[in-house]
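Pasting run09.txt here (compact mmCIF, C-alpha atoms):
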```txt
# COMPACT_ATOMS: atom_id res chain seq x y z
CA MET A 1 1.86 -29.52 -10.85
CA LYS A 2 4.83 -30.14 -8.60
CA PRO A 3 4.94 -28.15 -5.32
CA LEU A 4 6.91 -24.90 -5.47
CA THR A 5 9.61 -23.67 -3.10
CA ILE A 6 9.32 -20.23 -1.58
CA GLY A 7 11.96 -18.95 -3.99
CA GLN A 8 10.06 -20.27 -6.99
CA VAL A 9 6.82 -18.74 -5.73
CA ALA A 10 8.53 -15.40 -5.20
CA ARG A 11 10.04 -15.44 -8.70
CA HIS A 12 6.76 -16.43 -10.38
CA ALA A 13 4.84 -13.76 -8.46
CA ASP A 14 7.57 -11.13 -8.90
CA VAL A 15 7.87 -10.47 -5.16
CA GLY A 16 10.59 -11.04 -2.63
CA VAL A 17 10.87 -14.12 -0.44
CA GLU A 18 10.42 -11.93 2.64
CA THR A 19 7.18 -10.61 1.14
CA VAL A 20 5.85 -14.15 0.88
CA ARG A 21 6.80 -14.81 4.51
CA PHE A 22 5.26 -11.51 5.61
CA TYR A 23 1.96 -12.28 3.88
CA GLU A 24 1.95 -15.66 5.58
CA ARG A 25 2.42 -14.02 8.98
CA GLU A 26 -0.34 -11.52 8.18
CA GLY A 27 -2.73 -14.33 7.24
CA LEU A 28 -3.05 -13.31 3.59
CA LEU A 29 -1.49 -16.62 2.54
CA GLU A 30 -2.13 -19.97 4.13
CA ARG A 31 0.83 -21.49 5.86
CA PRO A 32 2.22 -24.04 3.46
CA GLN A 33 2.95 -27.66 4.15
CA ARG A 34 6.54 -28.46 4.88
CA ARG A 35 8.75 -31.14 3.49
CA PRO A 36 10.47 -33.47 5.96
CA SER A 37 13.53 -31.23 5.49
CA GLY A 38 11.51 -28.27 6.80
CA TYR A 39 11.29 -26.42 3.48
CA ARG A 40 7.96 -24.85 2.59
CA GLN A 41 6.11 -26.35 -0.35
CA TYR A 42 3.43 -24.30 -2.04
CA GLY A 43 0.62 -25.16 -4.39
CA GLU A 44 0.22 -23.31 -7.68
CA GLY A 45 -2.69 -21.21 -6.37
CA VAL A 46 -0.40 -19.17 -4.16
CA VAL A 47 1.14 -17.39 -7.17
CA ALA A 48 -2.31 -16.23 -8.33
CA ARG A 49 -3.14 -15.10 -4.80
CA LEU A 50 0.09 -13.11 -4.61
CA ALA A 51 -0.75 -11.50 -7.96
CA PHE A 52 -4.20 -10.57 -6.59
CA ILE A 53 -2.62 -9.03 -3.49
CA ARG A 54 -0.10 -7.07 -5.55
CA ARG A 55 -2.76 -5.73 -7.93
CA ALA A 56 -5.05 -4.74 -5.04
CA LYS A 57 -2.18 -2.91 -3.35
CA GLU A 58 -1.39 -1.12 -6.64
CA LEU A 59 -5.02 0.09 -6.61
CA GLY A 60 -4.47 1.56 -3.16
CA PHE A 61 -6.00 -1.10 -0.92
CA THR A 62 -4.34 -1.63 2.45
CA LEU A 63 -3.39 -5.13 3.55
CA SER A 64 -6.39 -5.16 5.86
CA GLU A 65 -8.66 -4.23 2.96
CA VAL A 66 -6.99 -6.87 0.78
CA ALA A 67 -7.73 -9.46 3.46
CA ASP A 68 -11.34 -8.30 3.47
CA LEU A 69 -11.56 -8.64 -0.33
CA LEU A 70 -10.02 -12.10 -0.18
CA SER A 71 -12.54 -13.15 2.45
CA LEU A 72 -15.38 -11.87 0.25
CA ARG A 73 -14.08 -14.01 -2.60
CA LEU A 74 -14.30 -17.10 -0.38
CA ASN A 75 -17.64 -16.22 1.21
CA PRO A 76 -20.51 -17.88 -0.69
CA LEU A 77 -22.94 -15.33 0.77
CA ALA A 78 -20.95 -12.32 -0.45
CA SER A 79 -22.17 -10.45 -3.49
CA ARG A 80 -20.73 -8.22 -6.16
CA ALA A 81 -22.42 -5.33 -4.35
CA ASP A 82 -20.23 -6.08 -1.31
CA VAL A 83 -17.11 -5.83 -3.46
CA LYS A 84 -18.38 -2.73 -5.26
CA ARG A 85 -19.05 -0.95 -1.94
CA ARG A 86 -15.47 -1.54 -0.87
CA ALA A 87 -14.14 -0.30 -4.21
CA GLU A 88 -16.32 2.80 -3.99
CA ALA A 89 -15.10 3.44 -0.45
CA LYS A 90 -11.52 3.17 -1.73
CA ILE A 91 -12.30 5.68 -4.48
CA ALA A 92 -13.69 8.10 -1.88
CA ASP A 93 -10.56 7.59 0.23
CA ILE A 94 -8.30 8.27 -2.77
CA ASP A 95 -10.32 11.38 -3.67
CA GLN A 96 -9.90 12.66 -0.10
CA ARG A 97 -6.15 12.03 -0.21
CA ILE A 98 -5.94 13.88 -3.54
CA ARG A 99 -7.74 16.89 -2.00
CA THR A 100 -5.38 16.79 0.97
CA LEU A 101 -2.33 16.61 -1.30
CA GLN A 102 -3.67 19.50 -3.39
CA ARG A 103 -4.07 21.65 -0.24
CA MET A 104 -0.55 20.71 0.85
CA ARG A 105 0.81 21.57 -2.58
CA LYS A 106 -0.97 24.94 -2.62
CA ALA A 107 0.34 25.83 0.84
CA LEU A 108 3.87 24.78 -0.05
CA ALA A 109 3.77 26.69 -3.36
CA LYS A 110 2.62 29.80 -1.48
CA LEU A 111 5.49 29.40 1.00
CA THR A 112 8.00 28.78 -1.77
CA ALA A 113 6.90 31.98 -3.51
CA THR A 114 7.80 33.97 -0.36
CA CYS A 115 11.41 32.78 -0.43
CA SER A 116 13.99 34.41 -2.67
CA GLY A 117 16.20 31.35 -2.54
CA HIS A 118 19.24 33.53 -1.79
CA GLY A 119 21.20 34.00 1.40
CA THR A 120 21.47 32.01 4.60
CA THR A 121 18.69 30.12 6.27
CA ASP A 122 18.35 32.84 8.94
CA GLU A 123 14.82 34.22 8.67
CA CYS A 124 13.94 31.81 5.85
CA PRO A 125 10.18 32.21 5.42
CA ILE A 126 9.71 28.52 4.64
CA LEU A 127 11.56 27.32 7.74
CA GLU A 128 9.88 29.99 9.89
CA ALA A 129 6.46 28.84 8.72
CA MET A 130 7.36 25.28 9.65
CA ASP A 131 8.53 26.53 13.05
CA GLY A 132 5.14 28.22 13.44
CA LYS A 133 6.72 31.71 13.52
CA GLU A 134 4.83 34.59 12.00
CA GLN A 135 6.19 35.89 8.73
CA SER A 136 6.51 39.63 9.22
CA HIS A 137 7.63 40.33 5.66
CA VAL A 138 4.99 38.30 3.80
```
So that I can check it, write out the structure of this file as structure tokens.
Amino acid sequence: MKPLTIGQVARHADVGVETVRFYEREGLLERPQRRPSGYRQYGEGVVARLAFIRRAKELGFTLSEVADLLSLRLNPLASRADVKRRAEAKIADIDQRIRTLQRMRKALAKLTATCSGHGTTDECPILEAMDGKEQSHV
């Protein structure tokens, strides 16, 4: 296959050109060879790697965690158990974030219930709670 330009890679991978450059800077993509004109030229594998990165991010992995997963893929001593441990850790992280979001939602719903939604913002129970003021009428 003929080498791809950065624009072609971005289109095939459904990402922006700046995303490709960013992943290069972050070390998630190898720096490509350059033509004599200075233009980057990529091999076909970079599109698959970008797809892997995008899917991993959609599953909640951070770029650092994606880099770790990519290194496991290239490490002949790594095992499926290594990958599974990271996926299980991500599940635990997501579960913790869900619990945190549920607590935030409950607190905000409780605050919202204390506000009539009428009048000026003076003595608004929601704003007062965010200011750390005691709500005397709750």
Exercise. Just give me the gap between CA of Val46 in chain A and CA of Ala13 in chain A in Å, one decimal is fine.
Key: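 These atoms are spaced 8.7 Å apart.
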Quiz item: What lies within 12 Å of range 31-37 of chain A using all atoms listed in the file, ignoring chain neighbours under 4 positions off, as a count of residues only?
Solution: 19
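For the set A:Leu127, A:Val17, A:Ile94, A:Ala56, the residue with the smallest atom-to-atom gap to Arg40 in chain A is A:Val17, counting all atoms listed in the file.
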Quiz item: In Å, how far is it from CA of Gly60 in chain A to CA of Lys106 in chain A?
Solution: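 CA of Lys106 in chain A lies at a distance of 23.6 Å from CA of Gly60 in chain A.
Across the model, the gap from CA of Thr100 in chain A to CA of Val66 in chain A is 23.7 Å.
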Practice problem: Quick one: everything within 10 Å of Ala87 in chain A, counting all atoms listed in the file, minus sequence neighbours fewer than 6 positions away in the same chain. Send it as a ChimeraX atom specification. | Solution: /A:59-61,65,69,81,93
Quiz item: Smallest atom-to-atom distance to Ala129 in chain A: which of A:His12, A:Lys110, A:Lys84, A:Lys2, using only C-alpha atoms?
Solution: A:Lys110
Quick one: residues within 9 Å of Leu70 in chain A, all atoms listed in the file counted, chain neighbours fewer than 5 positions away excluded, as a PDB file with C-alpha atoms, in the coordinates of the input?
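Saved to result-v4.pdb:
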```pdb
ATOM      1  CA  LEU A  28      -3.050 -13.310   3.590  1.00  0.00           C
ATOM      2  CA  ARG A  49      -3.140 -15.100  -4.800  1.00  0.00           C
ATOM      3  CA  PHE A  52      -4.200 -10.570  -6.590  1.00  0.00           C
ATOM      4  CA  ILE A  53      -2.620  -9.030  -3.490  1.00  0.00           C
ATOM      5  CA  GLU A  65      -8.660  -4.230   2.960  1.00  0.00           C
ATOM      6  CA  ASN A  75     -17.640 -16.220   1.210  1.00  0.00           C
TER       7      ASN A  75
END
```
Exercise. Determine the nearest neighbour of Ala67 in chain A from the options A:Asp131, A:Glu30, A:Glu18, A:Glu123, counting all atoms listed in the file.
Key: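 Among the listed residues, the smallest separation from Ala67 in chain A belongs to A:Glu30.
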Each side padded by 5 Å, which centre and which edge lengths in Å (one decimal) define the axis-aligned box around the listed atoms of range 114-119 of chain A? Give them as lines of an AutoDock Vina configuration file.
```
center_x = 14.5
center_y = 32.9
center_z = -0.6
size_x = 23.4
size_y = 13.1
size_z = 14.1
```
Exercise. Would you please work out which residue, of A:Asp68, A:Asp14, A:Asp122, A:Glu128, is nearest to Val83 in chain A when using all atoms listed in the file?
Key: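 The shortest atom-to-atom distance to Val83 in chain A comes from A:Asp68.
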Self-check item: Shortest interatomic distance to Thr62 in chain A - which of A:Thr19, A:Cys124, A:Arg86, A:Arg11, counting all atoms listed in the file
Solution: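 When distances to Thr62 in chain A are compared using all atoms listed in the file, the smallest one comes from A:Arg86.
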